[in-house]
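Structure file structure.csv; described as CSV, N, CA and C atoms.
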chain,number,residue,atom,x,y,z
A,22,MET,N,0.8,-1.2,0.0
A,22,MET,CA,0.0,0.0,0.0
A,22,MET,C,0.9,1.2,0.0
A,23,ARG,N,0.5,2.2,-0.8
A,23,ARG,CA,1.3,3.5,-0.9
A,23,ARG,C,0.5,4.5,-0.2
A,24,ILE,N,1.2,5.3,0.6
A,24,ILE,CA,0.5,6.4,1.4
A,24,ILE,C,1.2,7.7,0.9
A,25,THR,N,0.3,8.7,0.4
A,25,THR,CA,0.8,10.0,0.0
A,25,THR,C,0.1,11.0,0.8
A,26,ILE,N,0.9,11.9,1.4
A,26,ILE,CA,0.3,13.1,2.1
A,26,ILE,C,0.8,14.3,1.4
A,27,GLN,N,-0.1,15.2,1.0
A,27,GLN,CA,0.2,16.4,0.3
A,27,GLN,C,-0.4,17.6,1.1
A,28,ALA,N,0.3,18.8,1.0
A,28,ALA,CA,-0.2,20.0,1.6
A,28,ALA,C,-0.4,21.0,0.5
A,29,ASN,N,-1.4,21.8,0.6
A,29,ASN,CA,-1.7,22.9,-0.4
A,29,ASN,C,-2.1,24.1,0.4
A,30,GLY,N,-1.3,25.2,0.2
A,30,GLY,CA,-1.6,26.5,0.8
A,30,GLY,C,-0.8,26.7,2.1
A,31,PHE,N,0.0,25.8,2.5
A,31,PHE,CA,0.8,25.9,3.7
A,31,PHE,C,2.0,24.9,3.6
A,32,THR,N,2.9,25.1,4.5
A,32,THR,CA,4.1,24.2,4.5
A,32,THR,C,3.8,23.0,5.4
A,33,MET,N,4.1,21.8,4.9
A,33,MET,CA,3.9,20.6,5.7
A,33,MET,C,5.0,20.5,6.7
A,34,THR,N,4.7,20.4,8.0
A,34,THR,CA,5.7,20.3,9.0
A,34,THR,C,5.9,18.8,9.3
A,35,HIS,N,7.0,18.4,9.9
A,35,HIS,CA,7.2,17.0,10.3
A,35,HIS,C,6.2,16.6,11.3
A,36,ALA,N,5.8,17.4,12.3
A,36,ALA,CA,4.9,17.1,13.3
A,36,ALA,C,3.5,16.8,12.7
A,37,LEU,N,3.1,17.6,11.7
A,37,LEU,CA,1.8,17.4,11.1
A,37,LEU,C,1.8,16.1,10.3
A,38,ARG,N,2.9,15.8,9.6
A,38,ARG,CA,3.0,14.6,8.8
A,38,ARG,C,2.9,13.4,9.7
A,39,ALA,N,3.7,13.4,10.8
A,39,ALA,CA,3.7,12.3,11.8
A,39,ALA,C,2.3,12.1,12.4
A,40,TYR,N,1.6,13.2,12.8
A,40,TYR,CA,0.3,13.1,13.4
A,40,TYR,C,-0.7,12.5,12.4
A,41,THR,N,-0.6,12.9,11.1
A,41,THR,CA,-1.5,12.4,10.1
A,41,THR,C,-1.3,10.9,9.9
A,42,GLU,N,0.0,10.5,9.8
A,42,GLU,CA,0.3,9.1,9.6
A,42,GLU,C,-0.1,8.2,10.8
A,43,GLN,N,0.1,8.8,12.0
A,43,GLN,CA,-0.3,8.0,13.2
A,43,GLN,C,-1.8,7.9,13.3
A,44,ARG,N,-2.5,8.9,13.0
A,44,ARG,CA,-4.0,8.9,13.1
A,44,ARG,C,-4.6,8.0,12.1
A,45,LEU,N,-4.0,8.0,10.8
A,45,LEU,CA,-4.5,7.1,9.8
A,45,LEU,C,-4.2,5.6,10.1
A,46,ALA,N,-3.0,5.4,10.7
A,46,ALA,CA,-2.6,4.0,11.1
A,46,ALA,C,-3.6,3.5,12.1
A,47,SER,N,-3.9,4.3,13.1
A,47,SER,CA,-4.8,3.8,14.1
A,47,SER,C,-6.3,3.6,13.6
A,48,ALA,N,-6.7,4.5,12.7
A,48,ALA,CA,-8.1,4.4,12.2
A,48,ALA,C,-8.3,3.4,11.1
A,49,LEU,N,-7.3,3.3,10.2
A,49,LEU,CA,-7.4,2.4,9.0
A,49,LEU,C,-6.4,1.2,9.0
A,50,GLY,N,-5.7,1.0,10.1
A,50,GLY,CA,-4.7,0.0,10.1
A,50,GLY,C,-5.3,-1.4,9.8
A,51,TRP,N,-6.5,-1.7,10.3
A,51,TRP,CA,-7.2,-2.9,10.1
A,51,TRP,C,-7.4,-3.3,8.6
A,52,ALA,N,-7.5,-2.2,7.8
A,52,ALA,CA,-7.8,-2.4,6.3
A,52,ALA,C,-6.6,-2.4,5.5
A,53,ARG,N,-5.4,-2.4,6.1
A,53,ARG,CA,-4.1,-2.2,5.3
A,53,ARG,C,-4.0,-3.2,4.2
A,54,THR,N,-4.5,-4.4,4.3
A,54,THR,CA,-4.3,-5.4,3.3
A,54,THR,C,-5.3,-5.2,2.1
A,55,ARG,N,-6.4,-4.5,2.4
A,55,ARG,CA,-7.4,-4.3,1.4
A,55,ARG,C,-7.1,-3.0,0.6
A,56,MET,N,-6.3,-2.1,1.1
A,56,MET,CA,-6.1,-0.8,0.5
A,56,MET,C,-4.9,-0.9,-0.5
A,57,GLN,N,-5.0,-0.4,-1.7
A,57,GLN,CA,-3.9,-0.4,-2.6
A,57,GLN,C,-3.2,0.9,-2.5
A,58,ARG,N,-4.0,2.0,-2.3
A,58,ARG,CA,-3.4,3.3,-2.3
A,58,ARG,C,-4.2,4.2,-1.3
A,59,LEU,N,-3.5,5.1,-0.6
A,59,LEU,CA,-4.1,6.0,0.3
A,59,LEU,C,-3.5,7.4,0.1
A,60,VAL,N,-4.3,8.4,-0.3
A,60,VAL,CA,-3.9,9.7,-0.5
A,60,VAL,C,-4.6,10.7,0.4
A,61,VAL,N,-3.8,11.5,1.1
A,61,VAL,CA,-4.3,12.5,2.0
A,61,VAL,C,-3.9,13.9,1.5
A,62,LEU,N,-5.0,14.7,1.2
A,62,LEU,CA,-4.7,16.1,0.8
A,62,LEU,C,-5.1,17.0,1.9
A,63,LEU,N,-4.2,17.8,2.4
A,63,LEU,CA,-4.4,18.8,3.4
A,63,LEU,C,-4.3,20.2,2.7
A,64,SER,N,-5.3,21.0,3.0
A,64,SER,CA,-5.3,22.3,2.3
A,64,SER,C,-5.9,23.4,3.2
A,65,ASP,N,-5.4,24.6,3.0
A,65,ASP,CA,-6.0,25.8,3.7
A,65,ASP,C,-6.7,26.6,2.6
A,66,ILE,N,-8.0,26.6,2.6
A,66,ILE,CA,-8.8,27.1,1.5
A,66,ILE,C,-8.7,28.6,1.4
A,67,ASN,N,-8.9,29.3,2.6
A,67,ASN,CA,-8.9,30.8,2.6
A,67,ASN,C,-7.6,31.4,2.7
A,68,GLY,N,-6.6,30.6,3.0
A,68,GLY,CA,-5.2,31.2,3.2
A,68,GLY,C,-5.2,32.0,4.5
A,69,PRO,N,-4.5,33.2,4.5
A,69,PRO,CA,-4.3,33.9,5.7
A,69,PRO,C,-5.6,34.6,6.2
A,70,ARG,N,-6.7,34.6,5.5
A,70,ARG,CA,-7.9,35.2,5.9
A,70,ARG,C,-8.6,34.5,7.1
A,71,GLY,N,-8.3,33.2,7.3
A,71,GLY,CA,-8.8,32.5,8.4
A,71,GLY,C,-10.2,32.0,8.2
A,72,GLY,N,-10.8,31.5,9.3
A,72,GLY,CA,-12.2,31.0,9.2
A,72,GLY,C,-12.2,29.4,9.2
A,73,VAL,N,-13.3,28.9,9.0
A,73,VAL,CA,-13.5,27.4,8.9
A,73,VAL,C,-13.0,27.0,7.5
A,74,ASP,N,-11.7,26.8,7.4
A,74,ASP,CA,-11.2,26.6,6.0
A,74,ASP,C,-10.0,25.6,5.9
A,75,LYS,N,-9.9,24.8,6.9
A,75,LYS,CA,-8.8,23.7,6.8
A,75,LYS,C,-9.5,22.4,6.4
A,76,ARG,N,-9.0,21.9,5.3
A,76,ARG,CA,-9.7,20.8,4.7
A,76,ARG,C,-8.7,19.6,4.7
A,77,CYS,N,-9.3,18.4,5.0
A,77,CYS,CA,-8.6,17.1,4.9
A,77,CYS,C,-9.4,16.2,4.0
A,78,LYS,N,-8.8,15.8,2.9
A,78,LYS,CA,-9.5,14.9,2.0
A,78,LYS,C,-8.7,13.6,1.9
A,79,ILE,N,-9.4,12.5,2.2
A,79,ILE,CA,-8.8,11.2,2.2
A,79,ILE,C,-9.4,10.4,1.0
A,80,GLN,N,-8.5,9.9,0.2
A,80,GLN,CA,-8.9,9.0,-0.9
A,80,GLN,C,-8.3,7.6,-0.7
A,81,VAL,N,-9.1,6.6,-0.6
A,81,VAL,CA,-8.6,5.3,-0.4
A,81,VAL,C,-9.0,4.5,-1.7
A,82,GLN,N,-8.0,3.9,-2.3
A,82,GLN,CA,-8.2,3.0,-3.5
A,82,GLN,C,-8.2,1.6,-3.0
A,83,LEU,N,-9.3,0.9,-3.2
A,83,LEU,CA,-9.4,-0.5,-2.8
A,83,LEU,C,-9.3,-1.4,-4.0
A,84,GLY,N,-9.2,-2.7,-3.8
A,84,GLY,CA,-9.1,-3.6,-4.9
A,84,GLY,C,-10.3,-3.6,-5.7
A,85,GLY,N,-10.3,-4.0,-7.0
A,85,GLY,CA,-11.4,-4.1,-7.8
A,85,GLY,C,-11.9,-2.8,-8.3
A,86,GLY,N,-11.1,-1.7,-8.2
A,86,GLY,CA,-11.4,-0.4,-8.8
A,86,GLY,C,-12.3,0.4,-7.9
A,87,ARG,N,-12.6,-0.1,-6.7
A,87,ARG,CA,-13.5,0.7,-5.8
A,87,ARG,C,-12.7,1.7,-5.1
A,88,ALA,N,-13.3,2.8,-4.8
A,88,ALA,CA,-12.7,3.9,-4.1
A,88,ALA,C,-13.6,4.5,-3.0
A,89,VAL,N,-13.0,5.0,-2.0
A,89,VAL,CA,-13.7,5.7,-0.9
A,89,VAL,C,-13.0,7.1,-0.8
A,90,VAL,N,-13.9,8.2,-0.9
A,90,VAL,CA,-13.4,9.5,-0.8
A,90,VAL,C,-14.1,10.2,0.3
A,91,ILE,N,-13.3,10.8,1.3
A,91,ILE,CA,-13.9,11.5,2.4
A,91,ILE,C,-13.3,12.9,2.4
A,92,GLU,N,-14.1,13.9,2.6
A,92,GLU,CA,-13.6,15.3,2.7
A,92,GLU,C,-14.2,15.9,4.0
A,93,GLU,N,-13.4,16.5,4.8
A,93,GLU,CA,-13.8,17.2,6.0
A,93,GLU,C,-13.2,18.6,6.1
A,94,THR,N,-14.0,19.6,6.5
A,94,THR,CA,-13.5,20.9,6.6
A,94,THR,C,-13.8,21.4,8.0
A,95,GLU,N,-12.8,22.0,8.7
A,95,GLU,CA,-12.9,22.5,10.1
A,95,GLU,C,-12.0,23.7,10.2
A,96,ALA,N,-12.2,24.4,11.3
A,96,ALA,CA,-11.3,25.6,11.6
A,96,ALA,C,-9.9,25.1,12.0
A,97,ASP,N,-9.8,23.9,12.6
A,97,ASP,CA,-8.5,23.4,13.1
A,97,ASP,C,-8.1,22.2,12.2
A,98,LEU,N,-6.9,22.2,11.6
A,98,LEU,CA,-6.5,21.1,10.7
A,98,LEU,C,-6.5,19.8,11.4
A,99,TYR,N,-6.0,19.7,12.7
A,99,TYR,CA,-6.0,18.5,13.4
A,99,TYR,C,-7.4,17.9,13.6
A,100,ALA,N,-8.3,18.8,13.9
A,100,ALA,CA,-9.7,18.3,14.0
A,100,ALA,C,-10.2,17.8,12.7
A,101,ALA,N,-9.9,18.4,11.6
A,101,ALA,CA,-10.3,17.9,10.3
A,101,ALA,C,-9.7,16.6,10.0
A,102,ILE,N,-8.5,16.4,10.4
A,102,ILE,CA,-7.8,15.1,10.2
A,102,ILE,C,-8.5,14.0,11.0
A,103,ASP,N,-8.8,14.3,12.3
A,103,ASP,CA,-9.5,13.3,13.1
A,103,ASP,C,-10.8,12.9,12.6
A,104,ARG,N,-11.6,13.9,12.2
A,104,ARG,CA,-13.0,13.6,11.7
A,104,ARG,C,-12.9,12.8,10.4
A,105,ALA,N,-12.0,13.2,9.5
A,105,ALA,CA,-11.9,12.6,8.2
A,105,ALA,C,-11.5,11.1,8.4
A,106,ALA,N,-10.5,10.9,9.4
A,106,ALA,CA,-10.1,9.5,9.6
A,106,ALA,C,-11.2,8.6,10.2
A,107,GLU,N,-12.0,9.2,11.1
A,107,GLU,CA,-13.1,8.5,11.7
A,107,GLU,C,-14.2,8.1,10.6
A,108,ARG,N,-14.4,9.1,9.7
A,108,ARG,CA,-15.4,8.9,8.6
A,108,ARG,C,-14.9,7.9,7.6
A,109,ALA,N,-13.6,7.9,7.3
A,109,ALA,CA,-13.0,7.0,6.4
A,109,ALA,C,-13.1,5.6,7.0
A,110,ASP,N,-12.9,5.4,8.2
A,110,ASP,CA,-13.0,4.1,8.9
A,110,ASP,C,-14.4,3.5,8.7
A,111,ARG,N,-15.4,4.3,9.0
A,111,ARG,CA,-16.8,3.9,8.9
A,111,ARG,C,-17.1,3.6,7.4
A,112,ALA,N,-16.6,4.4,6.5
A,112,ALA,CA,-16.9,4.1,5.1
A,112,ALA,C,-16.2,2.8,4.6
A,113,LEU,N,-15.0,2.6,5.1
A,113,LEU,CA,-14.3,1.3,4.7
A,113,LEU,C,-15.0,0.1,5.3
A,114,VAL,N,-15.5,0.2,6.5
A,114,VAL,CA,-16.3,-0.9,7.1
A,114,VAL,C,-17.5,-1.2,6.2
A,115,ARG,N,-18.2,-0.2,5.8
A,115,ARG,CA,-19.4,-0.4,5.0
A,115,ARG,C,-19.0,-1.0,3.6
A,116,GLN,N,-18.0,-0.5,3.0
A,116,GLN,CA,-17.5,-1.0,1.7
A,116,GLN,C,-17.1,-2.5,1.8
A,117,VAL,N,-16.4,-2.9,2.9
A,117,VAL,CA,-16.0,-4.2,3.1
A,117,VAL,C,-17.2,-5.1,3.3
A,118,GLU,N,-18.1,-4.7,4.1
A,118,GLU,CA,-19.4,-5.4,4.4
A,118,GLU,C,-20.1,-5.7,3.1
A,119,ARG,N,-20.2,-4.7,2.2
A,119,ARG,CA,-20.9,-4.8,1.0
A,119,ARG,C,-20.2,-5.9,0.1
A,120,SER,N,-18.9,-5.8,0.0
A,120,SER,CA,-18.2,-6.8,-0.8
A,120,SER,C,-18.4,-8.2,-0.2
A,121,ARG,N,-18.5,-8.3,1.1
A,121,ARG,CA,-18.7,-9.7,1.7
A,121,ARG,C,-20.1,-10.1,1.3
A,122,ASP,N,-21.1,-9.2,1.3
A,122,ASP,CA,-22.5,-9.6,1.0
A,122,ASP,C,-22.6,-10.2,-0.4
A,123,PHE,N,-21.8,-9.7,-1.4
A,123,PHE,CA,-21.9,-10.1,-2.7
A,123,PHE,C,-21.0,-11.3,-3.0
A,124,ALA,N,-20.1,-11.7,-2.1
A,124,ALA,CA,-19.3,-12.8,-2.3
A,124,ALA,C,-19.9,-14.1,-1.7
A,125,ARG,N,-21.0,-14.5,-2.2
A,125,ARG,CA,-21.7,-15.7,-1.8
A,125,ARG,C,-21.1,-16.9,-2.4
A,126,GLU,N,-21.1,-18.0,-1.7
A,126,GLU,CA,-20.7,-19.2,-2.3
A,126,GLU,C,-21.8,-19.8,-3.2
A,127,ARG,N,-21.4,-20.5,-4.3
A,127,ARG,CA,-22.4,-21.1,-5.1
A,127,ARG,C,-22.8,-22.4,-4.5
A,128,ILE,N,-24.0,-22.8,-4.7
A,128,ILE,CA,-24.5,-24.1,-4.1
A,128,ILE,C,-24.2,-25.1,-5.2
A,129,PRO,N,-23.5,-26.2,-4.8
A,129,PRO,CA,-23.2,-27.2,-5.8
A,129,PRO,C,-24.5,-28.0,-6.2
A,130,ALA,N,-24.6,-28.3,-7.5
A,130,ALA,CA,-25.8,-29.0,-8.0
A,130,ALA,C,-25.3,-30.3,-8.6
A,131,GLN,N,-26.1,-31.3,-8.5
A,131,GLN,CA,-25.8,-32.6,-9.1
A,131,GLN,C,-26.9,-32.9,-10.1
A,132,LEU,N,-26.5,-33.6,-11.2
A,132,LEU,CA,-27.5,-34.0,-12.2
A,132,LEU,C,-28.1,-35.3,-11.9
A,133,ASP,N,-29.4,-35.3,-11.9
A,133,ASP,CA,-30.1,-36.6,-11.7
A,133,ASP,C,-30.2,-37.4,-13.0
A,134,ASN,N,-30.8,-38.6,-12.9
A,134,ASN,CA,-30.9,-39.4,-14.1
A,134,ASN,C,-31.6,-38.8,-15.3
A,135,MET,N,-32.4,-37.8,-15.0
A,135,MET,CA,-33.2,-37.1,-16.1
A,135,MET,C,-32.3,-36.0,-16.7
A,136,GLY,N,-31.1,-35.7,-16.2
A,136,GLY,CA,-30.3,-34.7,-16.7
A,136,GLY,C,-30.6,-33.3,-16.2
A,137,THR,N,-31.5,-33.2,-15.2
A,137,THR,CA,-31.8,-31.9,-14.6
A,137,THR,C,-31.0,-31.7,-13.3
A,138,ALA,N,-30.8,-30.5,-12.9
A,138,ALA,CA,-30.0,-30.2,-11.7
A,138,ALA,C,-30.9,-30.5,-10.5
A,139,ALA,N,-30.3,-31.3,-9.6
A,139,ALA,CA,-31.0,-31.5,-8.3
A,139,ALA,C,-30.0,-31.2,-7.2
A,140,TYR,N,-30.5,-30.4,-6.2
A,140,TYR,CA,-29.6,-30.0,-5.1
A,140,TYR,C,-29.4,-31.1,-4.2
A,141,THR,N,-28.3,-31.2,-3.6
A,141,THR,CA,-28.0,-32.2,-2.6
A,141,THR,C,-28.7,-31.7,-1.3
A,142,ALA,N,-29.0,-32.6,-0.4
A,142,ALA,CA,-29.7,-32.3,0.9
A,142,ALA,C,-28.8,-31.3,1.7
A,143,ALA,N,-27.5,-31.5,1.7
A,143,ALA,CA,-26.6,-30.6,2.4
A,143,ALA,C,-26.6,-29.2,1.8
A,144,ALA,N,-26.7,-29.1,0.5
A,144,ALA,CA,-26.7,-27.8,-0.1
A,144,ALA,C,-28.0,-27.1,0.1
A,145,ALA,N,-29.1,-27.9,0.2
A,145,ALA,CA,-30.4,-27.3,0.5
A,145,ALA,C,-30.4,-26.7,2.0
A,146,ASP,N,-29.8,-27.5,2.9
A,146,ASP,CA,-29.7,-27.0,4.3
A,146,ASP,C,-28.9,-25.8,4.3
A,147,ASP,N,-27.8,-25.7,3.6
A,147,ASP,CA,-26.9,-24.5,3.6
A,147,ASP,C,-27.7,-23.3,3.0
A,148,ALA,N,-28.5,-23.5,2.0
A,148,ALA,CA,-29.2,-22.5,1.4
A,148,ALA,C,-30.3,-21.9,2.3
A,149,ALA,N,-30.9,-22.8,3.1
A,149,ALA,CA,-31.9,-22.4,4.0
A,149,ALA,C,-31.4,-21.6,5.2
A,150,ASP,N,-30.1,-21.8,5.6
A,150,ASP,CA,-29.5,-21.1,6.7
A,150,ASP,C,-28.2,-20.5,6.2
A,151,PRO,N,-28.2,-19.3,5.6
A,151,PRO,CA,-26.9,-18.8,5.1
A,151,PRO,C,-26.0,-18.3,6.2
A,152,THR,N,-26.4,-18.2,7.4
A,152,THR,CA,-25.5,-17.8,8.5
A,152,THR,C,-24.8,-19.0,9.1
A,153,ALA,N,-25.1,-20.2,8.7
A,153,ALA,CA,-24.5,-21.4,9.3
A,153,ALA,C,-23.0,-21.4,8.8
A,154,ARG,N,-22.1,-21.9,9.6
A,154,ARG,CA,-20.7,-22.0,9.2
A,154,ARG,C,-20.4,-23.3,8.5
A,155,LYS,N,-19.5,-23.3,7.6
A,155,LYS,CA,-19.1,-24.5,6.9
A,155,LYS,C,-18.2,-25.3,7.9
A,156,ARG,N,-18.3,-26.6,7.8
A,156,ARG,CA,-17.4,-27.4,8.6
A,156,ARG,C,-16.3,-28.0,7.8

How would this structure read if it were set down as structure tokens?
Amino acid sequence: MRITIQANGFTMTHALRAYTEQRLASALGWARTRMQRLVVLLSDINGPRGGVDKRCKIQVQLGGGRAVVIEETEADLYAAIDRAAERADRALVRQVERSRDFARERIPAQLDNMGTAAYTAAAADDAADPTARKR
């Protein structure tokens, strides 16, 4: 997995980079094997004028071409990083759950003497209770 952190409108300090890496590692570390690329864009929208203008945008590229993009704007850049990391964590959980829902196992079919597919008794039991674990 590649991690890229970029700053726009201000100078990236070592402390800010370290905080961002640490916060993302704690929030998204569980999904490290699923992520192909992680890009964090930090920006100061209004520049020296101030206001609620610090933005943290997190882009996570997952396998299969799926992507999760989170954008958070706050007055404090550290707060924007925190909230964006929390939201990215929740979004990745949802994305992984969706991919698990679609990855169903196929039920094996057997041909009877008429040449039509007949399900085995075990396959029918598995189909009736999809939450049962395989032995």

Margin query: Could you check which residues have any atom within 10 Å of (0.2, 24.9, -1.5), counting only C-alpha atoms with coordinates taken straight from the file, and then list them as a PyMOL selection string?
Written below: chain A and resi 27-33+63-66+68

Checklist line | Atomic distance atom C of Arg70 (chain A) - CA of Glu95 (chain A), expressed in Å with one decimal | finding: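 Between these atoms lies a distance of 13.1 Å.
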
Next item on the list: Write out as a VMD selection string each polymer residue whose atoms come within 8 Å of Ile102 (chain A), counting all atoms listed in the file; drop sequence neighbours fewer than 4 positions from it.
Entry: chain A and resid 40 to 41 44 to 45 75 to 78 93 to 95 97 to 98 106 to 108

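Distances here use only N, CA and C atoms; by that measure, the residue among A:Ile26, A:Ile91, A:Ala39, A:Val81 closest to Val61 (chain A) is A:Ile26.
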
Check: Which value, in Å to one decimal, gives the distance between atom C of Ala46 (chain A) and CA of Asp110 (chain A)?
Finding: 9.9 Å

Next item on the list: List the neighbours of Gly84 (chain A) out to 7 Å using all atoms listed in the file; skip same-chain residues closer than 5 positions along the sequence, and give me the result as a count of residues only.
Entry: 3

Margin query: To one decimal place in Å, what is the distance between CA of Glu92 (chain A) and atom C of Thr54 (chain A)?
Written below: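 Going from CA of Glu92 (chain A) over to atom C of Thr54 (chain A), I get 22.1 Å.
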